[in-house]
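Participant: Structure in structure tokens, see below.
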Amino acid sequence: MTFKQHFIVGARSSNLSMVQTQNTLNAIKADLNNLSFDLKPFSSAGDKDLNTTLDKSPADFFTDMLDKAVLNGEIDCAIHSAKDLPDILHNDLDWFWLPWQADPRDVIVLPKGQSFDDIPKNPRIGISSDRRKAWADATFTQWQNKNIRGTIEKRIEQLDNGDFDLLLMAGAALVRLNLQERINKWLSIQELAPPEGQGFIALTFKKGDQRFIKLRSFYTKSCCFMGSGPGDENLCTVEGINALQNCDICLHDALIAPRLLENLKDTAKAINVGKRADGIQVRQDKINQLLLDYVRRGFNVVRLKGGDPGVFARLPEETETLSNAGLAYWVIPGLSSLSAATTGTGMLLTRRGVSRGFSVITPRVAGGETKSIMQDIRSKSSLVFFMAIKKIKIVCQQLLADGHNPEESVAVVFAAGTREENILHAKIKNIAEQLNNYDGKKPGLFMVGKFTQAQYLHNTKNGALKGIKVILTCSDAIMPNAKSVVRAFGGVPLAYPLIKLQTNFSAATSFNNITQYDWIALTSPSAVRCFKQIIVANNLDLRKLPNIMVTGTKTKTELNKLGLQADLSPDDDFSSEGILKLFQNKVSGNNLNILRCISSEAPQTLSNGLQNMGHKVDDVILYNNIPIKYDHTPNGDAIFFASASAVTSFINQFGSDLLKKIITVSIGKPCTAKLQSYGIKPTLQANQATVEASIKKLAVHCLCNV
């Protein structure tokens, strides 16, 4: 179905609630312009009862009326401050947080016209939460706690009337009401830690409403399940390390290598949910609930398991929890302790003349009971055959002779774990016939048993990208970020870098007389990285650099890693036209000398524009774009081009026919112009020339049309 909907939205009737709800709806419409809304105000029990203190109020004090309106169909959904949601909602309600967090810090507000010097020794403080009481205890030797309730405006009115000496409030509320001039001091997170939901907006809806499950898929990130390897941090995969470095929440088992958690960013939270026999147990339903809650809050979640997550690790219970809620996930296999204990020790599971195969089984079942491992049980175990594809007919004959049912399910997995992975499902009776066209170029594993049925495959259809395969043609420098964004939206990234960047170290001669230039232009993250390599290799003095102009937040971030700040950078339009417009409006002077650092394939739009303004521009090639060749055509549902040179490399290798059949995404105008020069009109072009904006554009397209 297309995603064109009109919704009746409920919210509390306070001025703050109306303002933040309207801002939220405007932000949603900016992303998804097929949606429209009518806003209906409600008064909750907490709005009507201004005498009950919050520590004695029911959990749904501020959500009760809205909950009832959603459940009886009076409204389609409700918008709340996330911190107002009770920990446990009504069984028939579902929810998620929206991604636009305001500043979560608390602030001190004093009576109008007063300063901190006017605060008495025993101040009367308006406080309605335990954490703010703890702050007051730590800040003042003596103080008087006065409960305060009512709207933001009413609280400030009571303060100015002399009922209080100071108030503690959420800074976001004052900013949203355009009352930021009343803030006397922002309290750091270290001084007063805010509740997890402060500054966030939450949306509630009736459980099972597919319209909002679909909307939620756009605003939540795909959860990553990954194997850490068998206890040594060096045996974790590169893909796993990348996932840890990007996550916000890591729910980890007990048997992981502790040093793996050092890969988490400073703001990430690590939560131990490990299970140990006869030790402290975190119940499986608790783990499932944590996964649901953190993914619905919009966090980038990694579920870190020891060894391989698919081997005796309760992976199905956890992935099915997310799948049943319509939430996306993906899985990174890990090196199993089985491999470490065998291949790593020399006790090989297969050795010519000694052993042709092995069985893996556990005596334990659900609840910790012990079950039989007798031969009749082992004979019904899952079977996996290596190097059997060319002998598949003989293998099947032997299986049938051994008592296997001709209707038993089998599968062949070709190129397992690679971007060319392909799965063929069949029955023992017909698998040989279906493999007649097998060309033998891709390795395959032959698997036998009920576990091979298609119904047990991972569900990849829940994200905004609905599990589509996205061909990424980026260079290696930006590929990890592109893969991460595709995964977050629930897509499957297929990495096909079409160019590699080769630093042109001879460009150093252009920097020998760097002081003669007024400006230097670095217009991509790759340009900054190559610039750094040349600077380091030639021991050049950064203190002599002129003013620097950049385009894009990623370029600015790369520059900051060098300890340098951009002197000119557009806030939104990252195209050549955007930097030209900004330069013309912000930079004074005529006949300026500008050094533009570019790739061998860079268009001349920026240089020509600066020259037309009367400035002198010297172009220096920092790096060359070298095409990467493939012996096969990529197979995907969409393709993302991050550069014009990648377009050229693709067309030269594969032609243009594929691009006329799948969704084609261009990062910006130069890339689009190159596609059009080959007779290809891209399906989508990002509003900003960034990876994030491009993949988000694709996600909106898939959400509304696929």
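Letters for chains follow the order of the structure tokens (A, B, ...), residue numbers begin at 1 for each chain, and ligand numbers begin at 1 in the order shown.
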For segment 317-414 of chain A against segment 478-493 of chain A, with a cut-off of 12 Å and counting only C-alpha atoms, what is the closest atom pair and its distance in Å to one decimal for every residue that makes the cut, ordered by chain and number, as a tab-separated table?
Facilitator:
residue	atom	partner	partner_atom	distance
A:Ser323	CA	A:Gly490	CA	11.8
A:Gly326	CA	A:Gly490	CA	11.1
A:Leu327	CA	A:Gly490	CA	8.8
A:Ala328	CA	A:Gly490	CA	5.7
A:Tyr329	CA	A:Gly490	CA	6.9
A:Trp330	CA	A:Arg487	CA	7.5
A:Val331	CA	A:Arg487	CA	10.3
A:Ile332	CA	A:Arg487	CA	11.5
Participant: Considering only C-alpha atoms, return as a list of chain:residue names whatever protein or nucleic-acid residues lie within 8 Å of segment 82-91 of chain A, sequence-local ones (same chain, fewer than 4 positions apart) excluded.
Facilitator: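 Contacts, with the query itself left out: A:Ala59, A:Asp60, A:Phe62, A:Thr63, A:Asp67, A:Trp97, A:Pro195, A:Glu196, A:Gly197, A:Gln198, A:Gly199, A:Phe200, A:Ile201, A:Ala202.
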Participant: Let me see the file: selected residues, C-alpha atoms, as a PDB file, in the first residue's frame.
Facilitator:
ATOM      1  CA  ALA A  59       1.945   6.108  36.565  1.00  0.00           C
ATOM      2  CA  ASP A  60      -0.505   7.303  33.880  1.00  0.00           C
ATOM      3  CA  PHE A  62      -0.432  12.584  32.371  1.00  0.00           C
ATOM      4  CA  THR A  63      -1.451   9.979  29.794  1.00  0.00           C
ATOM      5  CA  ASP A  67      -4.652   6.359  26.348  1.00  0.00           C
ATOM      6  CA  TRP A  97      10.224   7.827  20.440  1.00  0.00           C
ATOM      7  CA  PRO A 195      15.826  11.234  32.997  1.00  0.00           C
ATOM      8  CA  GLU A 196      16.416   9.175  29.870  1.00  0.00           C
ATOM      9  CA  GLY A 197      13.384  10.534  28.046  1.00  0.00           C
ATOM     10  CA  GLN A 198      13.864  14.232  28.801  1.00  0.00           C
ATOM     11  CA  GLY A 199      13.858  16.258  25.597  1.00  0.00           C
ATOM     12  CA  PHE A 200      12.358  13.413  23.538  1.00  0.00           C
ATOM     13  CA  ILE A 201       8.829  13.166  22.123  1.00  0.00           C
ATOM     14  CA  ALA A 202       6.942   9.848  22.184  1.00  0.00           C
TER      15      ALA A 202
END
Participant: Would you mind telling me which residue in A:Trp186, A:Phe225, A:Phe96, A:Tyr219 lies nearest to Leu203 of chain A when using only C-alpha atoms?
Facilitator: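 Smallest distance to Leu203 of chain A is found for A:Phe96.
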Participant: Nearest residue to Leu562 of chain A out of A:Lys532, A:Ala673, A:Lys586, A:Ala388, using only C-alpha atoms?
Facilitator: A:Lys532
Participant: Which residue out of A:Phe140, A:Leu215, A:Leu400, A:Val587 has the minimum interatomic distance to Ala699 of chain A when only C-alpha atoms are used?
Facilitator: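 Of the candidates, the smallest distance to Ala699 of chain A is held by A:Leu215.
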Participant: Can you list, as a JSON list (two decimals) with N, CA and C atoms, in the first residue's frame, every residue of segment 465-515 of chain A that DSSP puts in helix (DSSP H, G or I)?
Facilitator:
[["chain", "number", "residue", "atom", "x", "y", "z"],
["A", 479, "MET", "N", 32.57, 3.88, 2.75],
["A", 479, "MET", "CA", 31.75, 2.67, 2.70],
["A", 479, "MET", "C", 31.22, 2.25, 4.08],
["A", 480, "PRO", "N", 32.06, 2.24, 5.15],
["A", 480, "PRO", "CA", 31.51, 1.82, 6.45],
["A", 480, "PRO", "C", 30.31, 2.65, 6.89],
["A", 481, "ASN", "N", 30.37, 3.95, 6.66],
["A", 481, "ASN", "CA", 29.24, 4.81, 7.05],
["A", 481, "ASN", "C", 28.02, 4.51, 6.20],
["A", 482, "ALA", "N", 28.21, 4.32, 4.90],
["A", 482, "ALA", "CA", 27.09, 4.03, 4.00],
["A", 482, "ALA", "C", 26.42, 2.71, 4.39],
["A", 483, "LYS", "N", 27.21, 1.68, 4.69],
["A", 483, "LYS", "CA", 26.65, 0.40, 5.11],
["A", 483, "LYS", "C", 25.87, 0.54, 6.41],
["A", 484, "SER", "N", 26.42, 1.33, 7.34],
["A", 484, "SER", "CA", 25.77, 1.53, 8.63],
["A", 484, "SER", "C", 24.41, 2.20, 8.47],
["A", 485, "VAL", "N", 24.31, 3.20, 7.59],
["A", 485, "VAL", "CA", 23.05, 3.92, 7.40],
["A", 485, "VAL", "C", 22.02, 3.01, 6.73],
["A", 486, "VAL", "N", 22.44, 2.23, 5.74],
["A", 486, "VAL", "CA", 21.52, 1.29, 5.09],
["A", 486, "VAL", "C", 21.00, 0.28, 6.11],
["A", 487, "ARG", "N", 21.90, -0.26, 6.93],
["A", 487, "ARG", "CA", 21.49, -1.21, 7.96],
["A", 487, "ARG", "C", 20.50, -0.59, 8.94],
["A", 488, "ALA", "N", 20.76, 0.66, 9.34],
["A", 488, "ALA", "CA", 19.90, 1.32, 10.32],
["A", 488, "ALA", "C", 18.47, 1.44, 9.81],
["A", 505, "PHE", "N", 50.97, 12.28, -4.10],
["A", 505, "PHE", "CA", 51.93, 12.92, -3.20],
["A", 505, "PHE", "C", 52.73, 14.04, -3.87],
["A", 506, "SER", "N", 52.75, 14.06, -5.20],
["A", 506, "SER", "CA", 53.45, 15.16, -5.89],
["A", 506, "SER", "C", 52.73, 16.49, -5.71],
["A", 507, "ALA", "N", 51.49, 16.43, -5.19],
["A", 507, "ALA", "CA", 50.76, 17.68, -4.94],
["A", 507, "ALA", "C", 51.43, 18.53, -3.87],
["A", 508, "ALA", "N", 52.35, 17.94, -3.14],
["A", 508, "ALA", "CA", 53.04, 18.67, -2.07],
["A", 508, "ALA", "C", 53.74, 19.92, -2.59],
["A", 509, "THR", "N", 54.15, 19.91, -3.87],
["A", 509, "THR", "CA", 54.84, 21.09, -4.41],
["A", 509, "THR", "C", 53.95, 22.32, -4.41],
["A", 510, "SER", "N", 52.63, 22.09, -4.49],
["A", 510, "SER", "CA", 51.70, 23.23, -4.48],
["A", 510, "SER", "C", 51.60, 23.86, -3.10],
["A", 511, "PHE", "N", 52.03, 23.12, -2.06],
["A", 511, "PHE", "CA", 51.94, 23.64, -0.71],
["A", 511, "PHE", "C", 53.23, 24.33, -0.25],
["A", 514, "ILE", "N", 52.42, 27.98, 0.22],
["A", 514, "ILE", "CA", 51.03, 28.06, 0.66],
["A", 514, "ILE", "C", 50.66, 29.45, 1.16],
["A", 515, "THR", "N", 51.64, 30.21, 1.62],
["A", 515, "THR", "CA", 51.35, 31.53, 2.18],
["A", 515, "THR", "C", 50.91, 32.53, 1.11]]
Participant: List the spatial neighbours of Asp285 of chain A as a ChimeraX atom specification - criterion: any atom at most 12 Å away, only C-alpha atoms, same-chain residues fewer than 5 positions off excluded.
Facilitator: /A:273,290-292,314,317-318,321
Participant: If you run DSSP on this backbone, which residues of segment 506-704 of chain A come out as strand (DSSP E or B), and could you give them as a PyMOL selection string?
Facilitator: chain A and resi 519-522+547-550+568+593-599+616-627+638-641+663-666+684-685
Participant: Given the selection you just returned, output its residues as a file containing C-alpha atoms, formatted as an mmCIF file, in the first residue's frame.
Facilitator:
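Listing of part02.cif after writing:
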data_model
loop_
_atom_site.group_PDB
_atom_site.id
_atom_site.type_symbol
_atom_site.label_atom_id
_atom_site.label_comp_id
_atom_site.auth_asym_id
_atom_site.auth_seq_id
_atom_site.Cartn_x
_atom_site.Cartn_y
_atom_site.Cartn_z
ATOM 1 C CA TRP A 519 41.967 30.492 0.836
ATOM 2 C CA ILE A 520 42.230 26.733 0.430
ATOM 3 C CA ALA A 521 39.179 24.695 -0.655
ATOM 4 C CA LEU A 522 38.680 21.136 0.603
ATOM 5 C CA ASN A 547 41.611 30.312 5.516
ATOM 6 C CA ILE A 548 39.856 27.014 4.751
ATOM 7 C CA MET A 549 36.489 26.509 3.061
ATOM 8 C CA VAL A 550 34.729 23.119 3.157
ATOM 9 C CA LEU A 568 33.622 28.856 5.750
ATOM 10 C CA ASN A 593 44.169 33.695 -4.502
ATOM 11 C CA ILE A 594 42.473 30.333 -3.914
ATOM 12 C CA LEU A 595 43.985 26.840 -3.910
ATOM 13 C CA ARG A 596 41.346 24.230 -4.674
ATOM 14 C CA CYS A 597 42.292 20.652 -3.692
ATOM 15 C CA ILE A 598 40.424 18.150 -5.844
ATOM 16 C CA SER A 599 40.260 14.650 -7.306
ATOM 17 C CA LYS A 616 42.358 33.516 -9.121
ATOM 18 C CA VAL A 617 41.992 29.752 -8.656
ATOM 19 C CA ASP A 618 44.706 27.103 -8.841
ATOM 20 C CA ASP A 619 43.519 23.479 -8.934
ATOM 21 C CA VAL A 620 45.761 20.830 -7.392
ATOM 22 C CA ILE A 621 44.939 17.139 -7.761
ATOM 23 C CA LEU A 622 45.184 15.531 -4.317
ATOM 24 C CA TYR A 623 44.087 12.085 -5.411
ATOM 25 C CA ASN A 624 43.275 10.036 -8.488
ATOM 26 C CA ASN A 625 40.163 7.902 -8.913
ATOM 27 C CA ILE A 626 41.246 4.418 -9.982
ATOM 28 C CA PRO A 627 38.429 2.162 -11.307
ATOM 29 C CA ALA A 638 18.631 -0.176 -5.614
ATOM 30 C CA ILE A 639 22.000 1.415 -6.321
ATOM 31 C CA PHE A 640 23.622 4.423 -4.673
ATOM 32 C CA PHE A 641 26.197 6.544 -6.508
ATOM 33 C CA ILE A 663 16.038 2.383 -8.043
ATOM 34 C CA THR A 664 18.977 4.692 -8.775
ATOM 35 C CA VAL A 665 20.060 7.170 -6.087
ATOM 36 C CA SER A 666 22.398 10.082 -6.807
ATOM 37 C CA LEU A 684 16.166 9.984 -6.487
ATOM 38 C CA GLN A 685 18.605 12.773 -5.667
#
Participant: Do you have, as a tab-separated table, the list of residues of segment 240-320 of chain A lying at most 10 Å from segment 92-95 of chain A, each with its nearest atom pair and that distance in Å to one decimal, counting only C-alpha atoms and ordered by chain then number?
Facilitator:
residue	atom	partner	partner_atom	distance
A:Asp293	CA	A:Trp95	CA	9.2
A:Arg296	CA	A:Trp95	CA	7.0
A:Arg297	CA	A:Trp95	CA	8.7
Participant: Which distance in Å separates atom CA of Gly449 of chain A and atom CA of Ser381 of chain A, to one decimal?
Facilitator: 7.5 Å
